[in-house]
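Scroll down for the structure; my scribbles are underneath it.
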Amino acid sequence: MSAGVGVDLENLWIRFGDFVAVRDANVHIKGGDFFSFLGPSGCGKTTILRAVSGFLEPSEGNVLIGGNNMKGIGPNKRPTALIFQNLALFPLMKVWENITFSMEIAGASARDRRKRADELLDMIALPGQGDKLPSELSGGQRQRVAIARALCAEPDVLLLDEPLSALDLKLRQHMRTELREIQKRVGITFIYITHDQGEALTMSDDIAVMRAGVIDQIADGKTIYNDPATAFAASFVGENNVFRGKVLEVRGDQALIRTNRSGDLLSRISTANQGKMNVGDDAMMFIRPEALSLAPTGTQGDHFVTAKVNHEEFEGNSFNIFMEGDGGKELKVAIPNHGQSFDDHSGQDMTLEYDVNNAVAVPAGELA
Ligand code: ATP
C-alpha cells in the first residue's frame, strides 16, 4: 500500500487587489493523512483549497503535491479531485453512471465502467446500489456517491470543501465516521475544509486553525484542545473560560498572572509560547469548564477563583454553573453528574479550584 502523496504549501500568499486572503501560509500535509483547515467564515480556507486544486494561482509562494511544484499546472492536470458543499449528481443517471462519468468522457467501455463502479460502491459501503437513481438514495448516501465519483478518477489528493454542511445534524455526525472510514480504506490524502470544530476534531490527523488569512496553529486535535498556541485557537476550539491580565512572574514553564478580576492566578504557559512571555506582558489564561471544580467558599490561593453565581442549569451529563466572568463573558463550570444532589447557588459567591496543569496561558490576543 502506498504511503500517499503529501502536499506542501510554502510561503503562500494570496491577494485579491489590496486584500490579503492568505498570509504566508506554511503547511506540510503528510501523505495519507486526513488534514483539516478549520476557521470561521471568510478566513481563507476555500482560497487555500482553490490554490491546491489549481483554480487559483497564488500571488507568491508554492504549492507542492508529491514534492512537485504545481506552478503553471492547470486543475485538470493536477492529481487532485474536489468535492463541494452543494454536490450535484446527475438526477437522470443511475448511481453507477454518475460515479463513472469521468470514465465515460474518457471513452471507457460500459463494462469497465460498471466494474469500477462496483469496486467504488463497495468502498463507500453501498454495494449493489448502482442501478438506483440519486432520488432513491438518502442525503448521506448521495454524499457518499459524490465521493465515489470524485475517487473514480483515482486522485492522489481529495479536496473537500464543507461537504457535510447541507446535511441535517444527525446525518452530519454519522457522516463524520463514514468519511473517516472511507479515507482510511482508500488510503489517499484528504484535505478537508470546515468551520465546525467537532468535524475537524473527530476526523483529522492534523488540523490547521485559521483566522483572517493567518494560520495560528497546526497540530493534532488533542494538542490544539489542550495546548493552544494563541488566544484565538484557545477560544475557537471547544468551550473555554478566559481570564485577562498581565504576567506578574515567570516560573519556568508557568506564569503567575495578575488577572483583572480574579486575583493572582498560576497557569502553565502553552508550549508554543514558553520562553516568549515576559513580566508585564498582557496575557490571557484559559481554563475549560470541565477543569474547574468546587472548593470551600472563600479559599484563597493561586489556583482558586471566587465569583458570584448568575445562574445554573442541569444538562444531563453535567450541572453547569454560570458565574460573573471577565470582560462581560460568563465563567462556565461543568460539574459531572454522578447522581449527587445539587443545590441552587444563584446570587451566592462560590469558589472554584483548578489544577495548574489544566490552565493555559498565552499572549493576549483576539478571541473567536
Ligand atoms: P467560508 O467558510 O465562508 O467559505 P472561507 O474561509 O472559505 O469562508 P474564502 O472563501 O477563502 O473564505 O475567502 C477569504 C476571503 O477572501 C474573504 O474575505 C473573501 O471575501 C475574499 N475573497 C475570496 N475570493 C475572492 C475574490 N475572487 N475576489 C476578492 N475577494 C475574494
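Chain labels A, B, ... are given in the sequence in which chains occur in the C-alpha cells; within each chain residues are numbered consecutively from 1, and ligands are likewise numbered from 1 in the order shown.
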
For the contact check between chain A and ligand 1, emit one row per residue of chain A within 9 Å, containing the shortest atom pair and the distance in Å rounded to one decimal, counting only C-alpha atoms and all ligand atoms, chain then rising number order, as CSV.
residue,atom,partner,partner_atom_place_in_ligand_line,distance
A:Ile14,CA,ligand 1,16 (O),8.8
A:Arg15,CA,ligand 1,30 (N),8.0
A:Phe16,CA,ligand 1,29 (C),4.8
A:Gly17,CA,ligand 1,29 (C),7.3
A:Phe19,CA,ligand 1,30 (N),7.0
A:Val20,CA,ligand 1,16 (O),7.4
A:Ala21,CA,ligand 1,16 (O),4.6
A:Val22,CA,ligand 1,14 (C),7.6
A:Phe37,CA,ligand 1,6 (O),8.8
A:Leu38,CA,ligand 1,6 (O),8.3
A:Gly39,CA,ligand 1,6 (O),6.4
A:Pro40,CA,ligand 1,2 (O),6.1
A:Ser41,CA,ligand 1,3 (O),3.6
A:Gly42,CA,ligand 1,12 (O),3.4
A:Cys43,CA,ligand 1,6 (O),3.8
A:Gly44,CA,ligand 1,11 (O),3.1
A:Lys45,CA,ligand 1,6 (O),3.9
A:Thr46,CA,ligand 1,7 (O),3.6
A:Thr47,CA,ligand 1,11 (O),3.7
A:Ile48,CA,ligand 1,11 (O),6.5
A:Leu49,CA,ligand 1,11 (O),8.0
A:Arg50,CA,ligand 1,11 (O),8.3
A:Leu56,CA,ligand 1,27 (N),9.0
A:Asp161,CA,ligand 1,7 (O),8.0
A:Glu162,CA,ligand 1,2 (O),7.8
A:Ile193,CA,ligand 1,7 (O),7.5
A:Thr194,CA,ligand 1,2 (O),6.8
A:His195,CA,ligand 1,2 (O),6.1
A:Met210,CA,ligand 1,6 (O),8.1
A:Arg211,CA,ligand 1,6 (O),8.4
A:Ala212,CA,ligand 1,14 (C),7.7
A:Gly213,CA,ligand 1,14 (C),7.1

So which residues of range 143-225 of chain A fall under strand (DSSP E or B) by DSSP, listed as a list in words?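 In range 143-225 of chain A, DSSP puts these residues in strand (DSSP E or B): Val157, Leu158, Leu159, Leu160, Asp161, Thr189, Phe190, Ile191, Tyr192, Ile193, Thr194, Asp206, Ile207, Ala208, Val209, Met210, Arg211, Val214, Ile215, Asp216, Gln217, Ile218 and Ala219 of chain A.
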
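Comparing the minimum interatomic distances between Gly221 in chain A and each of A:Glu315, A:Thr351, A:Val247, A:Phe35, counting only C-alpha atoms, we find that A:Phe35 sits nearest.
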
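Shortest separation to Leu12 in chain A among A:Val242, A:Val95, A:Val309, A:Val214 occurs at residue A:Val214, atoms counted being only C-alpha atoms.
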
Got a sec: who's within 8 Å of Leu248 in chain A, counting only C-alpha atoms, leaving out chain neighbours fewer than 6 positions off, as a PyMOL selection string? chain A and resi 255-258+279-280

Preceding selection exported with C-alpha atoms as a short mmCIF file (atom, residue, chain, number, x, y, z; two decimals), in the first residue's frame:
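Output below, filename result.cif:
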data_model
loop_
_atom_site.label_atom_id
_atom_site.label_comp_id
_atom_site.auth_asym_id
_atom_site.auth_seq_id
_atom_site.Cartn_x
_atom_site.Cartn_y
_atom_site.Cartn_z
CA ALA A 255 3.31 32.13 34.75
CA LEU A 256 1.68 33.93 37.64
CA ILE A 257 -0.87 36.28 36.14
CA ARG A 258 -2.38 39.30 37.86
CA VAL A 279 6.87 40.02 33.14
CA GLY A 280 4.50 42.90 32.35
#

Gap from CA of Lys332 in chain A to CA of Pro289 in chain A - Å, one decimal: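 It comes out at 5.3 Å.
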
Exercise: range 71-74 of chain A partners within 10 Å, only C-alpha atoms, chain neighbours under 6 positions left out, as a list in words: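 The contact residues come out as Ala51, Ser53, Gly54, Phe55, Leu56, Glu57, Pro58, Gly61, Asn62, Val63 and Leu64 of chain A.
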